[in-house]
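S.K.: For reference, the structure I am asking about is given below.
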Amino acid sequence: MTAPPASPYTDTGLTCGVEYCYELTSNYANGSSSVSLTKCGIGFSTDTPTAIQNITTRVGDNSVILEWQNDPDFIPAEFAVERSVAGGNYSVLSTTGQSAFADDQYNSENIFCYRIRYTDVCDNASPVSLEACPLRLNGNLLNDNSISLTWTAYEGWTRGAS
């Protein structure tokens, strides 16, 4: 008989919710073998998913489109898009299975900010993302008929945007 591999054995290639079955086979020098009973279990993880790091906002005609990427080490089951209006409390605006969302209630009269959180396929919740506030461009006509443009800093990317 050869020495068995180290015990316990950790299977790192599991997918949450999938049933896996295992059995141990020992092969002996005389050609015989011994097979254990089959043991089955459902794959799971308790790892906390990484928060969404970067959210892109694109303002269109009466809507804003949010796009983001999540850590590929975590498979998202559902994203929750949260919105704050004029610095108020955040509330869940929508849930989606996609990594993009269009807010058709957006208007340029209010200050809208967004953040995203998600649950992975193991039902683990991520921390909330950074706040993403679309740029607000303002223009003023000056006495000499020139236009002065100002805009807010973009928020929503970990290292900012330039």
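Residues are referred to by chain and number: the chain letter is A, B, ... according to the order shown in the structure tokens, the number counts from 1 in that chain, and ligands are numbered separately from 1 in the order shown.
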When you look at region 28-42 of chain A with a cut-off of 8 Å (counting only C-alpha atoms), what residues show up, excluding the ones that are within fewer than 4 positions of it in the same chain? I need them as a count of residues only.
M.R.: 11
S.K.: Residues within 9 Å of region 74-79 of chain A, please, as a PyMOL selection string. Count only C-alpha atoms; anything in the same chain fewer than 2 positions from it doesn't count.
M.R.: chain A and resi 48-50+70-72+81+94-99+116-123
S.K.: So that I can check the surroundings of region 146-150 of chain A, please list as a PyMOL selection string every protein, DNA and RNA residue that reaches within 10 Å of it, counting only C-alpha atoms and ignoring chain neighbours fewer than 6 positions away.
M.R.: chain A and resi 136-140
S.K.: Those residues with all heavy atoms, as a PDB file, in the first residue's frame please?
M.R.:
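Result saved to out-v9.pdb:
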ATOM      1  N   ARG A 136     -21.764  67.448 -12.942  1.00  0.00           N
ATOM      2  CA  ARG A 136     -22.769  68.501 -13.149  1.00  0.00           C
ATOM      3  C   ARG A 136     -22.053  69.686 -13.786  1.00  0.00           C
ATOM      4  O   ARG A 136     -21.196  70.318 -13.172  1.00  0.00           O
ATOM      5  CB  ARG A 136     -23.424  68.889 -11.844  1.00  0.00           C
ATOM      6  CG  ARG A 136     -24.264  67.743 -11.267  1.00  0.00           C
ATOM      7  CD  ARG A 136     -24.963  68.141  -9.997  1.00  0.00           C
ATOM      8  NE  ARG A 136     -25.839  69.285 -10.140  1.00  0.00           N
ATOM      9  CZ  ARG A 136     -27.112  69.235 -10.543  1.00  0.00           C
ATOM     10  NH1 ARG A 136     -27.644  68.075 -10.842  1.00  0.00           N
ATOM     11  NH2 ARG A 136     -27.832  70.328 -10.624  1.00  0.00           N
ATOM     12  N   LEU A 137     -22.402  69.988 -15.022  1.00  0.00           N
ATOM     13  CA  LEU A 137     -21.807  71.082 -15.774  1.00  0.00           C
ATOM     14  C   LEU A 137     -22.698  72.307 -15.654  1.00  0.00           C
ATOM     15  O   LEU A 137     -23.911  72.227 -15.818  1.00  0.00           O
ATOM     16  CB  LEU A 137     -21.665  70.686 -17.249  1.00  0.00           C
ATOM     17  CG  LEU A 137     -21.131  71.739 -18.207  1.00  0.00           C
ATOM     18  CD1 LEU A 137     -19.691  72.092 -17.854  1.00  0.00           C
ATOM     19  CD2 LEU A 137     -21.228  71.222 -19.637  1.00  0.00           C
ATOM     20  N   ASN A 138     -22.078  73.446 -15.321  1.00  0.00           N
ATOM     21  CA  ASN A 138     -22.807  74.709 -15.230  1.00  0.00           C
ATOM     22  C   ASN A 138     -22.146  75.723 -16.141  1.00  0.00           C
ATOM     23  O   ASN A 138     -20.916  75.759 -16.259  1.00  0.00           O
ATOM     24  CB  ASN A 138     -22.798  75.248 -13.786  1.00  0.00           C
ATOM     25  CG  ASN A 138     -23.567  74.353 -12.845  1.00  0.00           C
ATOM     26  OD1 ASN A 138     -24.733  74.080 -13.068  1.00  0.00           O
ATOM     27  ND2 ASN A 138     -22.904  73.894 -11.798  1.00  0.00           N
ATOM     28  N   GLY A 139     -22.959  76.551 -16.778  1.00  0.00           N
ATOM     29  CA  GLY A 139     -22.437  77.602 -17.640  1.00  0.00           C
ATOM     30  C   GLY A 139     -23.082  78.932 -17.306  1.00  0.00           C
ATOM     31  O   GLY A 139     -24.282  78.985 -17.017  1.00  0.00           O
ATOM     32  N   ASN A 140     -22.273  79.989 -17.318  1.00  0.00           N
ATOM     33  CA  ASN A 140     -22.778  81.334 -17.072  1.00  0.00           C
ATOM     34  C   ASN A 140     -22.328  82.246 -18.198  1.00  0.00           C
ATOM     35  O   ASN A 140     -21.140  82.250 -18.565  1.00  0.00           O
ATOM     36  CB  ASN A 140     -22.252  81.880 -15.740  1.00  0.00           C
ATOM     37  CG  ASN A 140     -22.816  81.146 -14.548  1.00  0.00           C
ATOM     38  OD1 ASN A 140     -24.015  80.934 -14.467  1.00  0.00           O
ATOM     39  ND2 ASN A 140     -21.951  80.743 -13.630  1.00  0.00           N
TER      40      ASN A 140
END
S.K.: Expressed in Å to a single decimal, how great is the separation between CA of Tyr9 (chain A) and CA of Thr25 (chain A)?
M.R.: 13.8 Å
S.K.: So which one's closest to Asp47 (chain A), A:Pro8, A:Pro127, A:Gly60, A:Gly87? Using only C-alpha atoms, please.
M.R.: A:Pro127
S.K.: Just give me the gap between CA of Leu141 (chain A) and CA of Asn62 (chain A) in Å, one decimal is fine.
M.R.: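 CA of Leu141 (chain A) sits 24.1 Å away from CA of Asn62 (chain A).
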S.K.: Which residues are near Leu14 (chain A)? Cut-off 8 Å, only C-alpha atoms, ignore same chain within fewer than 3 positions. Put them as a list in words.
M.R.: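 The residues that qualify are Asp11, Val18, Gly43 and Phe44 of chain A.
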S.K.: Would you give me, as a ChimeraX atom specification, the residues in chain A that DSSP reads as strand (DSSP E or B)?
M.R.: /A:19-22,25-27,33-35,39-42,55-60,63-68,76-85,91-96,100-103,112-120,125,132-133,137-141,147-151,155
S.K.: Do you have the CA of Val59 (chain A)-CA of Pro134 (chain A) distance handy?
M.R.: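 Going from CA of Val59 (chain A) over to CA of Pro134 (chain A), I get 7.2 Å.
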S.K.: Would you pick out the contacts of Val85 (chain A) at 7 Å or less, using only C-alpha atoms, so that residues sharing its chain but fewer than 5 positions from it are not included, and give the list as a ChimeraX atom specification?
M.R.: /A:110-113
S.K.: Can you pull out every residue within 7 Å of region 103-107 of chain A, counting only C-alpha atoms, but drop anything in the same chain fewer than 6 positions away, and send it as a ChimeraX atom specification?
M.R.: /A:62-65
S.K.: I'd like to know which of A:Ser91, A:Asn124, A:Thr12, A:Ser129 is closest to Gln69 (chain A), using only C-alpha atoms.
M.R.: A:Ser129
